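Below: the structure, in structure tokens.
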Amino acid sequence: MTSKSDGSSFYTIGVDSGSLTGKAVIIDGNQRIVSHSVKQLGFVSQKAVMMAIDEALEKAGLVLDDIAYTVSTGYGRKRLEIAGKNLTEISCHAKGANYLYPEVKTVIDIGGQDSKVIAVDPSGNVKNFAMNDKCAAGTGQFLEVLARALDVELTEIGPLSMQSDADIKISSMCTTFAESEVISLVAEGHTTVDILSGMHKAISGRMKGLVGRVGLQKPVMMTGGGAKNIGLVHALEKSLGVSIFIPEEPQIIGALGAALFAKDFATGIRKKVDEEQDLDKSRAPAKDCGSCSVQNYQLNKN
Amino acid sequence: MYQNLASDEILNKLTQIAADPYERAKEWKMETGSKLIGCYIMHFPEELLHAAGALPIVLQVKEEPITTGHAYYPSYFCGPTRSIVDQAAKSELDFLDGFVGGDYCIQAVGGSEVVGNLLPKVNNMFFRLPVGNQAWTQGDIVTGLTELKRDIERFADKEISDEDILNSIRIYNKNRSLIREIYELKSVHPSLLSSSDMLSIIKSSMVIPKEEHNEILESLIPKLQAKKDSIKEEGVRVFLSGSFCGAPKNDILELVEQSGAVVVGDDLFHGYRYISDNIAEDKEPLAAIAAHYIDKNTNVPCPTRCDPKTDWPQYLVDSMRKHKADQLVIVMTQFCEPHMFFYPDIKDAMQEAGIPHLLLEISHELDSIETIKTRLEAFVEMAV
């Protein structure tokens, strides 16, 4: 790889090893997104993560050796051997959201296994956060279980729920109990459309509590797979009384943040892993471009 | 016996004692033929029980899931009280000769009652500890102590003299002083000992004869002194607060440090709270113990004491500054009503002081360690 002064041949990758999906984002030295990929195979699947990395590299026309630095995030963040550093998805979502929308102050991330509300400062740093801490109720996994109970494709539950005018209340927010509650509602003759709408209202009610712990500050962005569910976004907007900004590809925001951190590490804006406390001693050594001129690359923000 | 051991070996020994907290006490009973008294969490006059020739041990939370105990105590009560009920229900506390319950919080009162009923062969006693800090409070505490002394004398078939109590106070004061010495060392060199090490030091002190523990600490301290300057200090400085009756889970403590933090101070029951203050040795013993309950609450306020003259949130702000701590991690036992009652005030005080804090509400059985890890790491990342 040769280094160009415009940074277009300097690449970092962010990898988000989530509970249900693997995501990878490659950016260049100008912080432009070069490629991204989302793959789903199973719980914290290393295979999905590797497939996402391979696809992102392929789309960008790159190989792993072209990558100056890798940062991993998500549930499986410590298991990715090529990562020089791992950071939590909370820090990465804040960073990624700030990149796409620098004015954003609150990020709501509904992922596969957990949901988070993050207060972000103007530099993309985490000011405060709250996270569901007891179970997966109100998360992607919860939606998947209930969609299965209703025999509806996950991608359909959002648009379908928007057709409802009914006010069905789903009281339980435990995934197992909610599933039996949904089955009871079906038995009582309520339509799938109305039950889906009730489900989204229940989740948005729960998220409102989480938002309250951090404090709602506009503008608000929603990230994670949950943001692809228009019914949930609509219910949440109604419950919070705000408009919510949805990125074009909400699932990659964590990986995007990780890629931006990777660029910071590679260019020395942040300390590299060997200068910090390495949290996972079993991990492979950090891969960086210390032996080439890219190390001295000056970021051209424009 | 411990003088020839390295500090790590001594700490390993204390960790073993803490991991199997009743074993040494059972051995002691076999060796001496004397009586063992289990103290239910959390404010008990160990010195008074010791003065009767018995060994008081603080009953400990076991991390194993509660099973038999479910039949006797509801699952919406706190883990520490339920765990001890569970141990009693499984006959694991039958080795005790005596049991002292208390009225420190509503769950402890109920738990004391249940444990008492589950241990029919054990002599049950109760320590009534009046709350508050009014002009009459100290006198009321002396009355509670006098009632307990009467019951212990009957239990031990021995009259307890002032000299007996004073001797016990001296032994217990020595233990507190030695542990405070370790705290002072850790405050300056936080990486010298992990928070799990500190937990083992305090927990072992609660369950073996204090005389023996003093001996161990006297061997340990010079070795820590010798080692302190070679320890590399790094990490975000964190103060730990909460868990004021049961020991926090070791896994959680380890996660704090694995997240890149060092613990520079704490107000845990299995921590500084247990040893923060000595009992006066130049006063009438029961009055001195009563005064101690009020004084130690000034040193480290306890939300169960309902003392209008103390301010736990402000104490935390002051402690953070004293220890130059960057962040506060609050470990709250799920369903701990006194802690839940104070948390909003603590949150406000931290926000006003500009101190970031993370609340971890820990349940006895059901916690996603992965989620707690993510929250702790994200919290530490905020300070990096």
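Simple scheme: letters A, B, ... for chains in structure tokens order, numbers from 1 for residues in each chain, numbers from 1 for ligands in the order shown.
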
Give me the residues within 8 Å of range 240-248 of chain B as a PDB file with C-alpha atoms, in the first residue's frame, counting only C-alpha atoms and dropping any in the same chain fewer than 5 places off.
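As written to disk, result_29.pdb reads:
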```pdb
ATOM      1  CA  ILE B  41     -25.998  -8.587  59.168  1.00  0.00           C
ATOM      2  CA  MET B  42     -25.000  -5.837  60.031  1.00  0.00           C
ATOM      3  CA  GLN B  60     -21.889 -14.471  54.978  1.00  0.00           C
ATOM      4  CA  VAL B  61     -23.789 -14.362  51.728  1.00  0.00           C
ATOM      5  CA  PRO B  80     -27.998 -11.109  51.695  1.00  0.00           C
ATOM      6  CA  LEU B 199     -12.606  -8.104  50.366  1.00  0.00           C
ATOM      7  CA  LYS B 203     -14.281 -11.022  55.096  1.00  0.00           C
ATOM      8  CA  LEU B 253     -15.122  -6.347  41.828  1.00  0.00           C
ATOM      9  CA  VAL B 263     -10.174   1.202  43.351  1.00  0.00           C
ATOM     10  CA  GLY B 265     -11.332   3.776  48.383  1.00  0.00           C
ATOM     11  CA  ASP B 266     -14.672   2.341  49.403  1.00  0.00           C
ATOM     12  CA  ASP B 267     -17.491   2.528  51.904  1.00  0.00           C
ATOM     13  CA  LEU B 268     -18.510  -1.129  51.617  1.00  0.00           C
ATOM     14  CA  PHE B 269     -19.534  -3.149  54.643  1.00  0.00           C
ATOM     15  CA  HIS B 270     -16.937  -5.703  53.560  1.00  0.00           C
ATOM     16  CA  ARG B 273     -17.282   0.701  56.748  1.00  0.00           C
ATOM     17  CA  CYS B 302     -25.126   4.175  57.114  1.00  0.00           C
ATOM     18  CA  LEU B 328     -17.886   6.591  41.579  1.00  0.00           C
ATOM     19  CA  VAL B 329     -19.200   3.060  41.113  1.00  0.00           C
ATOM     20  CA  ILE B 330     -22.244   2.314  43.245  1.00  0.00           C
ATOM     21  CA  VAL B 331     -22.950  -1.337  43.925  1.00  0.00           C
ATOM     22  CA  MET B 332     -26.543  -1.559  45.061  1.00  0.00           C
ATOM     23  CA  THR B 333     -27.988  -4.813  46.295  1.00  0.00           C
ATOM     24  CA  HIS B 339     -29.980   2.191  49.622  1.00  0.00           C
TER      25      HIS B 339
END
```

Which residues come within 9 Å of Lys90 in chain B, counting only C-alpha atoms, excluding same-chain residues fewer than 2 positions away, as a count of residues only?
9

Report as a PyMOL selection string all protein, DNA and RNA residues lying within 12 Å of Val38 in chain A, evaluated on only C-alpha atoms, omitting residues in the same chain fewer than 4 positions from it.
chain A and resi 15-18+20-25+47-56+224-225+249-256

Could you dump the residues just selected with N, CA and C atoms as a short mmCIF file (atom, residue, chain, number, x, y, z; two decimals), in the first residue's frame?
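File written: part.cif
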```cif
data_model
loop_
_atom_site.label_atom_id
_atom_site.label_comp_id
_atom_site.auth_asym_id
_atom_site.auth_seq_id
_atom_site.Cartn_x
_atom_site.Cartn_y
_atom_site.Cartn_z
N VAL A 15 -15.21 -3.15 13.51
CA VAL A 15 -15.97 -4.40 13.46
C VAL A 15 -16.87 -4.47 14.69
N ASP A 16 -18.15 -4.67 14.46
CA ASP A 16 -19.10 -4.77 15.56
C ASP A 16 -19.61 -6.21 15.61
N SER A 17 -19.13 -6.93 16.61
CA SER A 17 -19.54 -8.32 16.77
C SER A 17 -20.73 -8.35 17.72
N GLY A 18 -21.90 -8.15 17.15
CA GLY A 18 -23.11 -8.01 17.97
C GLY A 18 -23.66 -9.36 18.39
N LEU A 20 -26.56 -10.66 17.61
CA LEU A 20 -27.26 -11.35 16.54
C LEU A 20 -26.60 -11.16 15.17
N THR A 21 -25.85 -10.07 14.99
CA THR A 21 -25.27 -9.78 13.67
C THR A 21 -23.80 -9.37 13.78
N GLY A 22 -23.08 -9.56 12.67
CA GLY A 22 -21.71 -9.08 12.57
C GLY A 22 -21.69 -7.92 11.57
N LYS A 23 -21.05 -6.83 11.94
CA LYS A 23 -21.00 -5.66 11.06
C LYS A 23 -19.56 -5.20 10.89
N ALA A 24 -19.25 -4.71 9.70
CA ALA A 24 -17.90 -4.16 9.46
C ALA A 24 -18.03 -2.90 8.63
N VAL A 25 -17.23 -1.90 8.96
CA VAL A 25 -17.20 -0.65 8.19
C VAL A 25 -15.74 -0.29 7.93
N LYS A 47 -18.31 -16.40 12.72
CA LYS A 47 -18.36 -16.62 11.28
C LYS A 47 -19.03 -15.41 10.60
N ALA A 48 -20.12 -14.94 11.20
CA ALA A 48 -20.81 -13.77 10.63
C ALA A 48 -19.89 -12.56 10.61
N VAL A 49 -19.10 -12.43 11.68
CA VAL A 49 -18.17 -11.29 11.77
C VAL A 49 -17.12 -11.39 10.66
N MET A 50 -16.57 -12.59 10.49
CA MET A 50 -15.54 -12.75 9.45
C MET A 50 -16.14 -12.54 8.06
N MET A 51 -17.39 -12.99 7.89
CA MET A 51 -18.05 -12.79 6.59
C MET A 51 -18.27 -11.29 6.33
N ALA A 52 -18.64 -10.58 7.38
CA ALA A 52 -18.87 -9.13 7.23
C ALA A 52 -17.55 -8.43 6.87
N ILE A 53 -16.47 -8.84 7.54
CA ILE A 53 -15.15 -8.23 7.26
C ILE A 53 -14.76 -8.54 5.80
N ASP A 54 -14.90 -9.80 5.42
CA ASP A 54 -14.52 -10.19 4.05
C ASP A 54 -15.34 -9.42 3.01
N GLU A 55 -16.62 -9.31 3.27
CA GLU A 55 -17.48 -8.61 2.29
C GLU A 55 -17.12 -7.12 2.21
N ALA A 56 -16.88 -6.52 3.38
CA ALA A 56 -16.52 -5.10 3.38
C ALA A 56 -15.20 -4.89 2.62
N GLY A 224 -28.94 0.89 15.58
CA GLY A 224 -29.17 -0.53 15.84
C GLY A 224 -30.29 -1.07 14.98
N GLY A 225 -30.44 -2.38 14.99
CA GLY A 225 -31.45 -3.03 14.16
C GLY A 225 -32.86 -2.55 14.45
N GLU A 249 -28.30 3.45 7.27
CA GLU A 249 -28.05 2.07 7.67
C GLU A 249 -27.77 2.04 9.17
N PRO A 250 -28.82 2.00 9.99
CA PRO A 250 -28.62 2.16 11.45
C PRO A 250 -27.82 1.05 12.11
N GLN A 251 -27.74 -0.11 11.46
CA GLN A 251 -27.04 -1.24 12.10
C GLN A 251 -25.51 -1.08 12.11
N ILE A 252 -25.00 -0.19 11.25
CA ILE A 252 -23.53 -0.12 11.16
C ILE A 252 -22.92 1.00 12.01
N ILE A 253 -23.74 1.71 12.79
CA ILE A 253 -23.22 2.89 13.49
C ILE A 253 -22.12 2.52 14.50
N GLY A 254 -22.30 1.39 15.18
CA GLY A 254 -21.28 0.94 16.14
C GLY A 254 -19.97 0.63 15.41
N ALA A 255 -20.08 -0.09 14.30
CA ALA A 255 -18.88 -0.43 13.52
C ALA A 255 -18.24 0.83 12.93
N LEU A 256 -19.09 1.77 12.54
CA LEU A 256 -18.57 3.04 12.01
C LEU A 256 -17.77 3.77 13.10
#
```

Once you count only C-alpha atoms, which residues of chain B turn out to be within 12 Å of chain A? Could you give them as an MDAnalysis selection string?
chainID B and resid 232:236 255:262 334 344 347 351 354:384

Could you write out the selected residues, including C-alpha atoms, as an mmCIF file, in the first residue's frame?
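Saved to part_1.cif:
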```cif
data_model
loop_
_atom_site.group_PDB
_atom_site.id
_atom_site.type_symbol
_atom_site.label_atom_id
_atom_site.label_comp_id
_atom_site.auth_asym_id
_atom_site.auth_seq_id
_atom_site.Cartn_x
_atom_site.Cartn_y
_atom_site.Cartn_z
ATOM 1 C CA LYS B 232 3.148 0.397 38.809
ATOM 2 C CA GLU B 233 0.152 2.681 39.217
ATOM 3 C CA GLU B 234 -2.211 3.069 36.307
ATOM 4 C CA GLY B 235 -5.899 3.244 35.568
ATOM 5 C CA VAL B 236 -8.890 5.440 36.195
ATOM 6 C CA LEU B 255 -14.675 -6.507 36.445
ATOM 7 C CA VAL B 256 -14.106 -3.008 37.844
ATOM 8 C CA GLU B 257 -10.365 -3.531 37.661
ATOM 9 C CA GLN B 258 -10.451 -5.458 34.386
ATOM 10 C CA SER B 259 -12.240 -2.459 32.893
ATOM 11 C CA GLY B 260 -9.118 -0.388 33.423
ATOM 12 C CA ALA B 261 -9.897 1.162 36.814
ATOM 13 C CA VAL B 262 -8.145 1.057 40.158
ATOM 14 C CA GLN B 334 -31.288 -5.379 44.562
ATOM 15 C CA PRO B 344 -31.783 9.851 44.324
ATOM 16 C CA LYS B 347 -27.333 10.985 42.204
ATOM 17 C CA GLN B 351 -24.367 15.634 39.398
ATOM 18 C CA GLY B 354 -19.668 17.012 38.537
ATOM 19 C CA ILE B 355 -18.653 13.494 39.528
ATOM 20 C CA PRO B 356 -19.586 10.742 37.038
ATOM 21 C CA HIS B 357 -21.170 7.742 38.682
ATOM 22 C CA LEU B 358 -22.387 4.347 37.580
ATOM 23 C CA LEU B 359 -25.132 2.522 39.427
ATOM 24 C CA LEU B 360 -24.943 -1.261 39.325
ATOM 25 C CA GLU B 361 -27.981 -2.883 40.844
ATOM 26 C CA ILE B 362 -26.906 -6.423 41.613
ATOM 27 C CA SER B 363 -29.389 -9.202 42.126
ATOM 28 C CA HIS B 364 -28.511 -12.387 43.957
ATOM 29 C CA GLU B 365 -29.257 -14.813 41.166
ATOM 30 C CA LEU B 366 -29.795 -13.144 37.883
ATOM 31 C CA ASP B 367 -27.191 -10.832 36.472
ATOM 32 C CA SER B 368 -25.820 -10.669 32.995
ATOM 33 C CA ILE B 369 -22.103 -10.353 33.648
ATOM 34 C CA GLU B 370 -21.626 -9.424 29.981
ATOM 35 C CA THR B 371 -23.955 -6.440 30.358
ATOM 36 C CA ILE B 372 -22.277 -5.322 33.573
ATOM 37 C CA LYS B 373 -18.899 -5.645 31.854
ATOM 38 C CA THR B 374 -20.054 -3.468 28.968
ATOM 39 C CA ARG B 375 -21.450 -0.851 31.336
ATOM 40 C CA LEU B 376 -18.298 -0.761 33.452
ATOM 41 C CA GLU B 377 -16.007 -0.598 30.443
ATOM 42 C CA ALA B 378 -18.084 2.149 28.820
ATOM 43 C CA PHE B 379 -18.014 4.048 32.104
ATOM 44 C CA VAL B 380 -14.229 3.791 32.358
ATOM 45 C CA GLU B 381 -13.876 4.704 28.654
ATOM 46 C CA MET B 382 -15.703 7.943 29.476
ATOM 47 C CA ALA B 383 -12.757 8.964 31.659
ATOM 48 C CA VAL B 384 -9.948 7.890 29.322
#
```

Let's see if you can do this: from backbone DSSP, list all strand (DSSP E or B) residues in range 5-168 of chain B, as a list in words.
Leu36, Ile37, Gly38, Cys39, Leu55, Pro56, Ile57, Val58, Gly98, Phe99, Val100, Gly101, Gly102, Asn123, Asn124, Met125, Phe126 and Phe127 of chain B

Take the residues from that selection and write them out as a PDB file, in the first residue's frame, keeping C-alpha atoms.
```pdb
ATOM      1  CA  LEU B  36     -19.836 -20.094  68.142  1.00  0.00           C
ATOM      2  CA  ILE B  37     -22.327 -17.291  67.618  1.00  0.00           C
ATOM      3  CA  GLY B  38     -23.561 -16.294  64.163  1.00  0.00           C
ATOM      4  CA  CYS B  39     -24.311 -12.601  63.746  1.00  0.00           C
ATOM      5  CA  LEU B  55     -16.455 -16.614  68.840  1.00  0.00           C
ATOM      6  CA  PRO B  56     -18.820 -14.273  66.997  1.00  0.00           C
ATOM      7  CA  ILE B  57     -18.777 -14.707  63.244  1.00  0.00           C
ATOM      8  CA  VAL B  58     -20.553 -12.567  60.687  1.00  0.00           C
ATOM      9  CA  GLY B  98     -25.968 -19.053  69.188  1.00  0.00           C
ATOM     10  CA  PHE B  99     -27.504 -16.607  66.766  1.00  0.00           C
ATOM     11  CA  VAL B 100     -27.939 -12.857  67.125  1.00  0.00           C
ATOM     12  CA  GLY B 101     -30.442 -11.101  64.913  1.00  0.00           C
ATOM     13  CA  GLY B 102     -31.114  -7.402  64.794  1.00  0.00           C
ATOM     14  CA  ASN B 123     -29.829 -20.163  71.181  1.00  0.00           C
ATOM     15  CA  ASN B 124     -31.505 -17.153  69.610  1.00  0.00           C
ATOM     16  CA  MET B 125     -30.796 -13.638  70.736  1.00  0.00           C
ATOM     17  CA  PHE B 126     -31.719 -10.250  69.403  1.00  0.00           C
ATOM     18  CA  PHE B 127     -29.881  -6.948  69.465  1.00  0.00           C
TER      19      PHE B 127
END
```

So that I can check the surroundings of range 241-246 of chain A, please list as a PyMOL selection string every protein, DNA and RNA residue that reaches within 12 Å of it, counting only C-alpha atoms and ignoring chain neighbours fewer than 4 positions away.
chain A and resi 97+100-101+103-109+204+208+216-230+232-237+250-253

With a distance cut-off of 12 Å and only C-alpha atoms, select the neighbouring residues of Glu144 in chain A, excluding the residue or stretch itself and same-chain residues fewer than 6 positions from it, and output the selection as a list in words.
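Near neighbours after the sequence-gap exclusion: Leu20, Gly111, Gly112, Gln113, Ala136, Ala137, Gly138, Leu150, Asp151, Val152, Glu153, Leu154, Thr155, Glu156, Ile157, Thr175, Glu179, Leu196, Met199, Gly225, Gly226 and Asn229 of chain A.
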
Which neighbours of Ile33 in chain A fall inside 12 Å, counting only C-alpha atoms, when residues of the same chain fewer than 2 positions from it are skipped, and could you give them as a ChimeraX atom specification?
/A:8,10-14,24-31,35-37,56,59-60,96,99-100,249,252-253,255-257,259-260,263

Written file, previous selection with C-alpha atoms, as an mmCIF file, in the first residue's frame:
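The result, written out as part.cif:
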```cif
data_model
loop_
_atom_site.group_PDB
_atom_site.id
_atom_site.type_symbol
_atom_site.label_atom_id
_atom_site.label_comp_id
_atom_site.auth_asym_id
_atom_site.auth_seq_id
_atom_site.Cartn_x
_atom_site.Cartn_y
_atom_site.Cartn_z
ATOM 1 C CA SER A 8 -7.592 8.123 0.232
ATOM 2 C CA PHE A 10 -5.246 4.855 4.192
ATOM 3 C CA TYR A 11 -7.863 2.587 5.654
ATOM 4 C CA THR A 12 -9.123 1.505 9.019
ATOM 5 C CA ILE A 13 -11.845 -0.955 9.830
ATOM 6 C CA GLY A 14 -14.393 -1.066 12.621
ATOM 7 C CA ALA A 24 -17.905 -4.163 9.462
ATOM 8 C CA VAL A 25 -17.201 -0.649 8.194
ATOM 9 C CA ILE A 26 -14.097 0.487 6.337
ATOM 10 C CA ILE A 27 -13.236 4.177 6.232
ATOM 11 C CA ASP A 28 -10.391 5.974 4.521
ATOM 12 C CA GLY A 29 -8.072 8.599 5.937
ATOM 13 C CA ASN A 30 -10.559 11.323 5.036
ATOM 14 C CA GLN A 31 -13.115 9.594 7.256
ATOM 15 C CA SER A 35 -17.688 0.065 2.362
ATOM 16 C CA HIS A 36 -19.779 -1.712 4.926
ATOM 17 C CA SER A 37 -21.395 -5.056 5.518
ATOM 18 C CA ALA A 56 -16.517 -5.100 3.385
ATOM 19 C CA LYS A 59 -16.572 -4.231 -1.751
ATOM 20 C CA ALA A 60 -13.709 -1.818 -1.105
ATOM 21 C CA GLY A 96 -20.534 6.937 14.889
ATOM 22 C CA TYR A 99 -19.939 11.567 12.727
ATOM 23 C CA LEU A 100 -23.207 11.295 10.810
ATOM 24 C CA GLU A 249 -28.049 2.067 7.666
ATOM 25 C CA ILE A 252 -23.529 -0.122 11.160
ATOM 26 C CA ILE A 253 -23.215 2.891 13.494
ATOM 27 C CA ALA A 255 -18.876 -0.433 13.523
ATOM 28 C CA LEU A 256 -18.567 3.037 12.015
ATOM 29 C CA GLY A 257 -17.644 4.476 15.417
ATOM 30 C CA ALA A 259 -13.592 2.493 12.428
ATOM 31 C CA LEU A 260 -13.319 6.157 13.430
ATOM 32 C CA LYS A 263 -8.313 5.920 12.595
#
```

Using only C-alpha atoms, which residues sit within 9 Å of Ala6 in chain B once same-chain residues fewer than 4 positions away are excluded, as an MDAnalysis selection string?
chainID B and resid 2 10:11 220 223

All helix (DSSP H, G or I) residues (DSSP, backbone) inside range 27-236 of chain A, as a PyMOL selection string:
chain A and resi 46-60+64-66+77-79+89-100+140-149+154-161+175-187+192-214+225-228+230-236

For CA of Asp326 in chain B and CA of Val238 in chain B, determine how far apart the two atoms are, in Å to one decimal place.
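A separation of 5.9 Å between them.
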